[in-house]
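For reference, entry.cif (mmCIF, C-alpha atoms):
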data_start
loop_
_atom_site.group_PDB
_atom_site.id
_atom_site.type_symbol
_atom_site.label_atom_id
_atom_site.label_comp_id
_atom_site.auth_asym_id
_atom_site.auth_seq_id
_atom_site.Cartn_x
_atom_site.Cartn_y
_atom_site.Cartn_z
ATOM 1 C CA MET A 917 51.772 -12.552 71.789
ATOM 2 C CA PRO A 918 53.827 -14.118 68.948
ATOM 3 C CA GLN A 919 54.997 -11.884 66.175
ATOM 4 C CA LEU A 920 53.262 -12.152 62.810
ATOM 5 C CA ASN A 921 55.421 -12.960 59.855
ATOM 6 C CA LYS A 922 55.150 -10.743 56.785
ATOM 7 C CA LYS A 923 52.687 -13.013 54.977
ATOM 8 C CA ASN A 924 50.312 -13.346 57.953
ATOM 9 C CA ARG A 925 50.573 -9.652 58.753
ATOM 10 C CA GLU A 926 49.583 -8.732 55.195
ATOM 11 C CA LYS A 927 46.721 -11.225 55.337
ATOM 12 C CA LEU A 928 45.440 -9.672 58.582
ATOM 13 C CA ILE A 929 45.658 -6.173 57.082
ATOM 14 C CA ASP A 930 43.700 -7.364 54.060
ATOM 15 C CA GLN A 931 41.030 -8.918 56.288
ATOM 16 C CA ARG A 932 40.637 -5.744 58.333
ATOM 17 C CA HIS A 933 40.482 -3.675 55.183
ATOM 18 C CA GLN A 934 37.797 -5.979 53.756
ATOM 19 C CA ASN A 935 35.796 -5.775 56.985
ATOM 20 C CA THR A 936 35.874 -1.991 56.713
ATOM 21 C CA VAL A 937 34.833 -2.119 53.073
ATOM 22 C CA ASN A 938 31.992 -4.534 53.850
ATOM 23 C CA LYS A 939 30.577 -2.117 56.414
ATOM 24 C CA HIS A 940 30.452 0.712 53.917
ATOM 25 C CA ASP A 941 30.223 -0.895 50.485
ATOM 26 C CA LYS A 942 26.466 -0.468 50.209
ATOM 27 C CA LYS A 943 26.967 3.252 50.648
ATOM 28 C CA LEU A 944 30.120 3.665 48.546
ATOM 29 C CA PHE A 945 29.344 1.059 45.888
ATOM 30 C CA PRO A 946 25.587 0.438 45.691
ATOM 31 C CA LYS A 947 24.136 -2.165 43.352
ATOM 32 C CA ASN A 948 22.831 0.257 40.706
ATOM 33 C CA SER A 949 24.159 3.765 39.961
ATOM 34 C CA LEU A 950 22.790 6.215 37.412
ATOM 35 C CA PHE A 951 24.646 8.986 35.584
ATOM 36 C CA VAL A 952 22.282 11.649 34.284
ATOM 37 C CA THR A 953 23.861 13.431 31.322
ATOM 38 C CA ALA A 954 22.820 16.052 28.811
ATOM 39 C CA HIS A 955 24.730 14.913 25.713
ATOM 40 C CA PRO A 956 26.580 11.866 24.382
ATOM 41 C CA ASP A 957 30.208 12.042 25.564
ATOM 42 C CA ASP A 958 29.321 13.751 28.872
ATOM 43 C CA GLU A 959 29.678 10.358 30.546
ATOM 44 C CA CYS A 960 33.353 9.958 29.601
ATOM 45 C CA MET A 961 34.341 13.624 29.346
ATOM 46 C CA PHE A 962 33.293 14.390 32.911
ATOM 47 C CA TYR A 963 32.521 11.197 34.855
ATOM 48 C CA GLY A 964 35.150 8.735 33.605
ATOM 49 C CA PRO A 965 37.089 8.221 36.877
ATOM 50 C CA THR A 966 33.866 7.510 38.774
ATOM 51 C CA ILE A 967 32.403 5.131 36.208
ATOM 52 C CA ILE A 968 35.603 3.108 36.050
ATOM 53 C CA LYS A 969 35.840 2.902 39.854
ATOM 54 C CA LEU A 970 32.219 1.795 40.231
ATOM 55 C CA ILE A 971 32.474 -0.880 37.543
ATOM 56 C CA LYS A 972 35.681 -2.176 39.120
ATOM 57 C CA ASN A 973 33.668 -2.631 42.326
ATOM 58 C CA HIS A 974 30.914 -4.545 40.523
ATOM 59 C CA VAL A 975 28.355 -1.732 40.448
ATOM 60 C CA GLN A 976 25.827 -1.790 37.615
ATOM 61 C CA VAL A 977 26.209 1.572 35.868
ATOM 62 C CA TYR A 978 23.327 3.167 33.982
ATOM 63 C CA ILE A 979 23.378 6.184 31.644
ATOM 64 C CA LEU A 980 20.357 8.410 31.057
ATOM 65 C CA CYS A 981 21.188 10.925 28.325
ATOM 66 C CA PHE A 982 18.649 13.640 27.558
ATOM 67 C CA SER A 983 19.658 14.640 23.998
ATOM 68 C CA SER A 984 21.866 13.507 21.135
ATOM 69 C CA GLY A 985 21.954 16.147 18.420
ATOM 70 C CA VAL A 986 20.173 18.786 16.367
ATOM 71 C CA ASN A 987 18.983 16.645 13.413
ATOM 72 C CA ASP A 988 18.097 13.024 12.648
ATOM 73 C CA ARG A 989 21.414 12.202 11.012
ATOM 74 C CA GLU A 990 23.476 13.575 13.884
ATOM 75 C CA LYS A 991 21.248 11.855 16.427
ATOM 76 C CA LYS A 992 21.715 8.463 14.767
ATOM 77 C CA VAL A 993 25.493 8.872 14.627
ATOM 78 C CA ARG A 994 25.861 10.086 18.189
ATOM 79 C CA LYS A 995 23.607 7.410 19.648
ATOM 80 C CA GLY A 996 25.781 4.780 18.018
ATOM 81 C CA GLU A 997 28.919 6.444 19.326
ATOM 82 C CA LEU A 998 27.445 6.573 22.828
ATOM 83 C CA GLN A 999 26.692 2.851 22.803
ATOM 84 C CA SER A 1000 30.206 2.075 21.566
ATOM 85 C CA SER A 1001 31.857 4.378 24.084
ATOM 86 C CA CYS A 1002 29.894 3.016 27.042
ATOM 87 C CA GLN A 1003 30.661 -0.610 26.234
ATOM 88 C CA HIS A 1004 34.388 0.143 26.291
ATOM 89 C CA PRO A 1005 34.649 0.584 30.110
ATOM 90 C CA GLY A 1006 32.088 -2.201 30.622
ATOM 91 C CA ILE A 1007 28.628 -0.571 30.712
ATOM 92 C CA ASP A 1008 25.884 -2.918 29.515
ATOM 93 C CA LYS A 1009 24.347 -1.607 26.267
ATOM 94 C CA ASN A 1010 20.887 -2.208 27.760
ATOM 95 C CA HIS A 1011 21.737 0.231 30.533
ATOM 96 C CA VAL A 1012 22.210 3.161 28.138
ATOM 97 C CA SER A 1013 19.137 5.274 27.330
ATOM 98 C CA VAL A 1014 18.711 8.398 25.201
ATOM 99 C CA LEU A 1015 15.468 10.366 25.437
ATOM 100 C CA ASP A 1016 15.557 12.825 22.505
ATOM 101 C CA SER A 1017 12.265 14.492 23.410
ATOM 102 C CA PRO A 1018 11.343 17.841 21.815
ATOM 103 C CA LEU A 1019 11.193 19.084 25.398
ATOM 104 C CA PHE A 1020 14.961 18.618 25.690
ATOM 105 C CA PRO A 1021 16.644 20.148 22.619
ATOM 106 C CA ASP A 1022 20.407 19.932 22.249
ATOM 107 C CA SER A 1023 21.250 23.613 22.591
ATOM 108 C CA ILE A 1024 23.941 25.737 24.193
ATOM 109 C CA LYS A 1025 21.365 28.412 25.014
ATOM 110 C CA THR A 1026 18.241 26.521 26.084
ATOM 111 C CA SER A 1027 17.213 25.520 29.582
ATOM 112 C CA TRP A 1028 14.989 22.472 29.903
ATOM 113 C CA PRO A 1029 11.706 22.367 31.895
ATOM 114 C CA VAL A 1030 12.709 21.268 35.373
ATOM 115 C CA ILE A 1031 9.562 19.321 36.243
ATOM 116 C CA ASP A 1032 9.672 17.321 33.019
ATOM 117 C CA VAL A 1033 13.352 16.489 33.494
ATOM 118 C CA ALA A 1034 12.707 15.513 37.119
ATOM 119 C CA THR A 1035 9.820 13.257 36.100
ATOM 120 C CA GLU A 1036 11.986 11.405 33.573
ATOM 121 C CA ILE A 1037 14.728 10.870 36.149
ATOM 122 C CA GLU A 1038 12.283 9.762 38.824
ATOM 123 C CA ASN A 1039 10.626 7.229 36.509
ATOM 124 C CA TYR A 1040 14.023 5.855 35.515
ATOM 125 C CA ILE A 1041 15.004 5.449 39.163
ATOM 126 C CA PHE A 1042 11.801 3.507 39.879
ATOM 127 C CA ARG A 1043 12.085 1.248 36.823
ATOM 128 C CA ASN A 1044 15.720 0.309 37.388
ATOM 129 C CA GLU A 1045 15.934 0.299 41.196
ATOM 130 C CA ILE A 1046 18.608 2.987 41.172
ATOM 131 C CA GLN A 1047 20.272 3.656 44.516
ATOM 132 C CA THR A 1048 22.698 6.429 43.584
ATOM 133 C CA VAL A 1049 22.419 9.253 41.047
ATOM 134 C CA TYR A 1050 25.321 11.355 39.764
ATOM 135 C CA THR A 1051 24.933 14.536 37.735
ATOM 136 C CA PHE A 1052 26.168 18.119 37.375
ATOM 137 C CA ASP A 1053 26.130 20.802 40.049
ATOM 138 C CA GLU A 1054 24.742 24.327 39.731
ATOM 139 C CA GLY A 1055 27.738 25.352 37.609
ATOM 140 C CA GLY A 1056 27.226 22.551 35.122
ATOM 141 C CA VAL A 1057 31.037 22.149 34.756
ATOM 142 C CA SER A 1058 31.002 24.343 31.644
ATOM 143 C CA GLY A 1059 28.015 26.554 32.439
ATOM 144 C CA LEU A 1060 25.785 25.058 29.722
ATOM 145 C CA PRO A 1061 22.062 25.558 30.433
ATOM 146 C CA ASN A 1062 21.361 21.916 29.480
ATOM 147 C CA HIS A 1063 23.775 20.745 32.191
ATOM 148 C CA ILE A 1064 22.395 23.123 34.804
ATOM 149 C CA SER A 1065 18.837 21.984 34.044
ATOM 150 C CA LEU A 1066 19.789 18.492 35.203
ATOM 151 C CA TYR A 1067 21.060 19.853 38.501
ATOM 152 C CA LYS A 1068 17.848 21.817 39.045
ATOM 153 C CA ALA A 1069 15.825 18.690 38.317
ATOM 154 C CA VAL A 1070 17.625 16.474 40.832
ATOM 155 C CA ARG A 1071 17.472 19.264 43.401
ATOM 156 C CA HIS A 1072 13.711 19.320 42.839
ATOM 157 C CA LEU A 1073 13.556 15.554 43.402
ATOM 158 C CA VAL A 1074 15.512 15.850 46.625
ATOM 159 C CA HIS A 1075 12.901 18.253 47.978
ATOM 160 C CA CYS A 1076 9.749 16.737 46.499
ATOM 161 C CA SER A 1077 10.155 13.021 45.725
ATOM 162 C CA ARG A 1078 9.899 9.925 47.885
ATOM 163 C CA VAL A 1079 12.783 8.312 45.992
ATOM 164 C CA THR A 1080 15.137 10.119 48.366
ATOM 165 C CA SER A 1081 14.202 7.573 51.031
ATOM 166 C CA TYR A 1082 16.424 5.018 49.278
ATOM 167 C CA CYS A 1083 18.323 6.922 46.584
ATOM 168 C CA LYS A 1084 21.300 9.224 47.143
ATOM 169 C CA PHE A 1085 22.010 12.153 44.829
ATOM 170 C CA TYR A 1086 25.504 13.506 44.167
ATOM 171 C CA CYS A 1087 26.641 16.521 42.150
ATOM 172 C CA LEU A 1088 29.950 16.818 40.325
ATOM 173 C CA LYS A 1089 31.904 19.815 41.551
ATOM 174 C CA SER A 1090 32.526 22.498 38.923
ATOM 175 C CA VAL A 1091 35.947 24.108 39.108
ATOM 176 C CA PRO A 1092 37.300 27.388 37.662
ATOM 177 C CA PRO A 1093 39.046 27.132 34.267
ATOM 178 C CA ILE A 1094 42.519 27.540 35.721
ATOM 179 C CA GLN A 1095 41.908 24.515 37.982
ATOM 180 C CA LYS A 1096 40.126 22.614 35.225
ATOM 181 C CA TYR A 1097 43.086 22.649 32.852
ATOM 182 C CA ILE A 1098 46.200 23.665 34.780
ATOM 183 C CA PHE A 1099 46.002 23.193 38.517
ATOM 184 C CA TYR A 1100 45.849 19.639 39.845
ATOM 185 C CA GLY A 1101 45.961 20.497 43.511
ATOM 186 C CA ARG A 1102 44.507 18.007 45.922
ATOM 187 C CA GLU A 1103 40.820 18.414 46.761
ATOM 188 C CA CYS A 1104 40.305 17.415 50.387
ATOM 189 C CA ARG A 1105 36.524 17.647 50.702
ATOM 190 C CA GLY A 1106 33.723 15.687 49.115
ATOM 191 C CA HIS A 1107 33.542 12.186 47.673
ATOM 192 C CA ILE A 1108 36.595 11.699 45.450
ATOM 193 C CA PHE A 1109 37.100 9.216 42.627
ATOM 194 C CA ALA A 1110 40.525 9.254 41.012
ATOM 195 C CA ALA A 1111 41.764 7.493 37.878
ATOM 196 C CA ASN A 1112 45.178 5.870 37.645
ATOM 197 C CA ASN A 1113 47.107 5.636 34.377
ATOM 198 C CA GLU A 1114 45.205 2.542 33.302
ATOM 199 C CA GLY A 1115 41.931 4.263 34.061
ATOM 200 C CA ARG A 1116 42.901 7.369 32.141
ATOM 201 C CA LEU A 1117 43.741 5.233 29.131
ATOM 202 C CA LYS A 1118 40.254 3.725 29.263
ATOM 203 C CA ILE A 1119 38.769 7.222 29.464
ATOM 204 C CA GLU A 1120 40.810 8.363 26.486
ATOM 205 C CA ARG A 1121 39.676 5.399 24.419
ATOM 206 C CA ALA A 1122 36.053 5.961 25.436
ATOM 207 C CA ILE A 1123 36.243 9.607 24.332
ATOM 208 C CA GLN A 1124 37.780 8.520 21.026
ATOM 209 C CA ARG A 1125 34.686 6.390 20.358
ATOM 210 C CA HIS A 1126 32.768 9.652 19.981
ATOM 211 C CA ALA A 1127 34.464 10.060 16.615
ATOM 212 C CA SER A 1128 32.202 12.806 15.261
ATOM 213 C CA GLN A 1129 33.178 14.996 18.213
ATOM 214 C CA TYR A 1130 36.851 14.019 18.416
ATOM 215 C CA VAL A 1131 38.366 17.306 17.235
ATOM 216 C CA TRP A 1132 41.640 18.927 18.271
ATOM 217 C CA PHE A 1133 40.372 20.593 21.449
ATOM 218 C CA ARG A 1134 38.975 17.267 22.692
ATOM 219 C CA LYS A 1135 42.475 15.842 22.365
ATOM 220 C CA VAL A 1136 43.801 18.758 24.414
ATOM 221 C CA TYR A 1137 41.025 18.144 26.932
ATOM 222 C CA ILE A 1138 42.081 14.527 27.426
ATOM 223 C CA THR A 1139 45.630 15.620 28.189
ATOM 224 C CA PHE A 1140 44.958 18.499 30.552
ATOM 225 C CA SER A 1141 41.457 18.273 32.049
ATOM 226 C CA VAL A 1142 41.158 17.464 35.727
ATOM 227 C CA TYR A 1143 37.904 15.601 34.985
ATOM 228 C CA THR A 1144 39.814 12.811 33.244
ATOM 229 C CA ARG A 1145 41.898 12.431 36.406
ATOM 230 C CA ARG A 1146 39.593 13.035 39.320
ATOM 231 C CA ASN A 1147 35.936 13.612 40.167
ATOM 232 C CA VAL A 1148 34.779 15.352 43.340
ATOM 233 C CA PHE A 1149 31.117 14.980 44.326
ATOM 234 C CA PHE A 1150 28.960 16.589 46.977
ATOM 235 C CA PRO A 1151 25.752 14.985 48.305
ATOM 236 C CA LEU A 1152 22.408 16.692 47.795
ATOM 237 C CA ASN A 1153 20.596 14.539 50.368
#
Can you turn what I pasted into structure tokens?
Amino acid sequence: MPQLNKKNREKLIDQRHQNTVNKHDKKLFPKNSLFVTAHPDDECMFYGPTIIKLIKNHVQVYILCFSSGVNDREKKVRKGELQSSCQHPGIDKNHVSVLDSPLFPDSIKTSWPVIDVATEIENYIFRNEIQTVYTFDEGGVSGLPNHISLYKAVRHLVHCSRVTSYCKFYCLKSVPPIQKYIFYGRECRGHIFAANNEGRLKIERAIQRHASQYVWFRKVYITFSVYTRRNVFFPLN
């Protein structure tokens, strides 16, 4: 068999790689993916590497945010910031929804009614033909009850809803504080999305669009948080 020159060898490698991707792209990069968040800026603070990777692979990304503030003025400001931030990495403004129901108050102490949250998510999945859902795990990254309520809701859907026949649910792994801000050791299990330097710059700029929240500790977060570098997800179904 004749030897392949460098150009042909690289072409063959690319073809084999593409064949592998084509076999799995519907699973790894489905047509429509939904990020269920509690507050504006959750999408870039915690899910940036994943959103950037999905958009790069031509996935339509949707954001369903359950709250936006504690008063009308704050809600108006933060909704605008969310739209601006999401358009920066390439999310269609028509794919960004904020609920702001009295059932889902923006609070660091309040848990939301699981069935009501699950119903909202389920309806959104049906309306937009969502194939993959990403949200928090039982630790909620930071332990906020609002975050954990979203996990409980998707867990309920996994057990009780027919959407699981065509929709996959993934939870973002919460890590201890020392790993969140200091330790960047390699995570070998789960579905991993990592951001390169270009991706991290996009995440930083997206976070900056949330100007009302861009205080000193957010700047520290951008520099040191593992969630601006890498996301690790575990499937619920």
Query raised in the report: Quick one: of A:Ser1128, A:Lys1135, A:His1072, A:Asp958, who's nearest to Gly996 (chain A), counting all atoms listed in the file?
Result: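 Closest to Gly996 (chain A) of all the choices is A:Ser1128.
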Requested in this report: Specify as a ChimeraX atom specification each residue included when the PyMOL selection byres ((chain A and resi 1073) around 10) is applied to this file.
Outcome: /A:1030-1031,1033-1035,1037-1038,1067-1072,1074-1080,1085,1152-1153
With C-alpha atoms retained, export the selected residues as a PDB file, in the coordinates of the input.
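result39.pdb written:
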ATOM      1  CA  VAL A1030      12.709  21.268  35.373  1.00  0.00           C
ATOM      2  CA  ILE A1031       9.562  19.321  36.243  1.00  0.00           C
ATOM      3  CA  VAL A1033      13.352  16.489  33.494  1.00  0.00           C
ATOM      4  CA  ALA A1034      12.707  15.513  37.119  1.00  0.00           C
ATOM      5  CA  THR A1035       9.820  13.257  36.100  1.00  0.00           C
ATOM      6  CA  ILE A1037      14.728  10.870  36.149  1.00  0.00           C
ATOM      7  CA  GLU A1038      12.283   9.762  38.824  1.00  0.00           C
ATOM      8  CA  TYR A1067      21.060  19.853  38.501  1.00  0.00           C
ATOM      9  CA  LYS A1068      17.848  21.817  39.045  1.00  0.00           C
ATOM     10  CA  ALA A1069      15.825  18.690  38.317  1.00  0.00           C
ATOM     11  CA  VAL A1070      17.625  16.474  40.832  1.00  0.00           C
ATOM     12  CA  ARG A1071      17.472  19.264  43.401  1.00  0.00           C
ATOM     13  CA  HIS A1072      13.711  19.320  42.839  1.00  0.00           C
ATOM     14  CA  VAL A1074      15.512  15.850  46.625  1.00  0.00           C
ATOM     15  CA  HIS A1075      12.901  18.253  47.978  1.00  0.00           C
ATOM     16  CA  CYS A1076       9.749  16.737  46.499  1.00  0.00           C
ATOM     17  CA  SER A1077      10.155  13.021  45.725  1.00  0.00           C
ATOM     18  CA  ARG A1078       9.899   9.925  47.885  1.00  0.00           C
ATOM     19  CA  VAL A1079      12.783   8.312  45.992  1.00  0.00           C
ATOM     20  CA  THR A1080      15.137  10.119  48.366  1.00  0.00           C
ATOM     21  CA  PHE A1085      22.010  12.153  44.829  1.00  0.00           C
ATOM     22  CA  LEU A1152      22.408  16.692  47.795  1.00  0.00           C
ATOM     23  CA  ASN A1153      20.596  14.539  50.368  1.00  0.00           C
TER      24      ASN A1153
END
Query raised in the report: With all atoms listed in the file as the basis for distance, which of A:His1107, A:His1063, A:His1126, A:Arg1134 is at the shortest distance from Ser1023 (chain A)?
Result: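 Comparing A:His1107, A:His1063, A:His1126, A:Arg1134 against Ser1023 (chain A), the winner is A:His1063.
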Query raised in the report: If you measure from CA of Gln1124 (chain A) to CA of Lys991 (chain A), what distance in Å do you get, rounded to one decimal?
Result: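 Going from CA of Gln1124 (chain A) over to CA of Lys991 (chain A), I get 17.5 Å.
With CA of Lys1118 (chain A) on one side and CA of Leu998 (chain A) on the other, the separation reads 14.6 Å.
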How close does each residue of region 1067-1151 of chain A get to region 1049-1053 of chain A, giving the shortest atom pair and distance in Å to one decimal for every residue with an atom at most 7 Å away, counting all atoms listed in the file, sorted by chain and residue number, as CSV?
residue,atom,partner,partner_atom,distance
A:Tyr1067,CA,A:Asp1053,CA,5.4
A:Lys1084,CA,A:Val1049,CA,6.2
A:Phe1085,CA,A:Val1049,CA,4.8
A:Tyr1086,CA,A:Tyr1050,CA,4.9
A:Cys1087,CA,A:Asp1053,CA,4.8
A:Leu1088,CA,A:Phe1052,CA,5.0
A:Lys1089,CA,A:Asp1053,CA,6.0
A:Ser1090,CA,A:Asp1053,CA,6.7
Query raised in the report: Hey, what's within 7 Å of region 948-950 of chain A if we count all atoms listed in the file and toss same-chain stuff fewer than 6 positions away? As number ranges by chain, please?
Result: A: 975-979, 1045-1050
Write a file of the selected residues as a PDB file, keeping the file's coordinate frame, keeping C-alpha atoms.
ATOM      1  CA  VAL A 975      28.355  -1.732  40.448  1.00  0.00           C
ATOM      2  CA  GLN A 976      25.827  -1.790  37.615  1.00  0.00           C
ATOM      3  CA  VAL A 977      26.209   1.572  35.868  1.00  0.00           C
ATOM      4  CA  TYR A 978      23.327   3.167  33.982  1.00  0.00           C
ATOM      5  CA  ILE A 979      23.378   6.184  31.644  1.00  0.00           C
ATOM      6  CA  GLU A1045      15.934   0.299  41.196  1.00  0.00           C
ATOM      7  CA  ILE A1046      18.608   2.987  41.172  1.00  0.00           C
ATOM      8  CA  GLN A1047      20.272   3.656  44.516  1.00  0.00           C
ATOM      9  CA  THR A1048      22.698   6.429  43.584  1.00  0.00           C
ATOM     10  CA  VAL A1049      22.419   9.253  41.047  1.00  0.00           C
ATOM     11  CA  TYR A1050      25.321  11.355  39.764  1.00  0.00           C
TER      12      TYR A1050
END
Query - Point-to-point distance in Å for CA of Gly964 (chain A) and CA of Asn1112 (chain A) - result: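 Atom-to-atom, CA of Asn1112 (chain A) and CA of Gly964 (chain A) are spaced 11.2 Å apart.
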Query raised in the report: What residues have an atom no more than 10 Å from (25.1, 14.8, 26.3) in the file's own frame, counting all atoms listed in the file, and can you write them as a list in words?
Result: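 Result, sorted by chain then residue number: Val952, Thr953, Ala954, His955, Pro956, Asp957, Asp958, Glu959, Met961, Leu980, Cys981, Phe982, Ser983, Ser984, Gly985, Arg994, Leu998, Val1014, Asp1022, Asn1062 and His1063 of chain A.
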Query - Answer key for the PyMOL selection byres ((chain A and resi 1146) around 9), residues as a list in words - result: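 Taken over the shown coordinates, the PyMOL selection byres ((chain A and resi 1146) around 9) returns Tyr963, Gly964, Pro965, Thr966, Ile1108, Phe1109, Ala1110, Ala1111, Val1142, Tyr1143, Thr1144, Arg1145, Asn1147 and Val1148 of chain A.
Closest approach to Arg1121 (chain A) among A:Thr1026, A:Ser1001, A:Ser1065, A:Ser1013: A:Ser1001, based on only C-alpha atoms.
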**Report entry** Counting all atoms listed in the file, the residue of A:Arg1125, A:Ile1138, A:Lys972, A:Asn1113 that sits nearest Tyr1097 (chain A)
**Finding:** A:Ile1138
Using the file's own x, y and z axes, what box holds all listed atoms of region 1063-1067 of chain A with 3 Å on each side, keeping edges along x, y and z, and what are its centre and edge lengths in Å to one decimal, as lines of an AutoDock Vina configuration file?
center_x = 21.3
center_y = 20.8
center_z = 35.3
size_x = 10.9
size_y = 10.6
size_z = 12.3
**Report entry** Selected residue, from A:Leu1066, A:Val1057, A:Leu970, A:Val986, that lies nearest to Pro1021 (chain A) when counting all atoms listed in the file
**Finding:**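 Counting all atoms listed in the file, the residue closest to Pro1021 (chain A) is A:Val986.
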Requested in this report: Give the answer as one residue: which of A:Val1012, A:Pro1005, A:Tyr1137, A:Asp1032 has the shortest atom-to-atom distance to Asn1044 (chain A), using only C-alpha atoms?
Outcome: A:Val1012
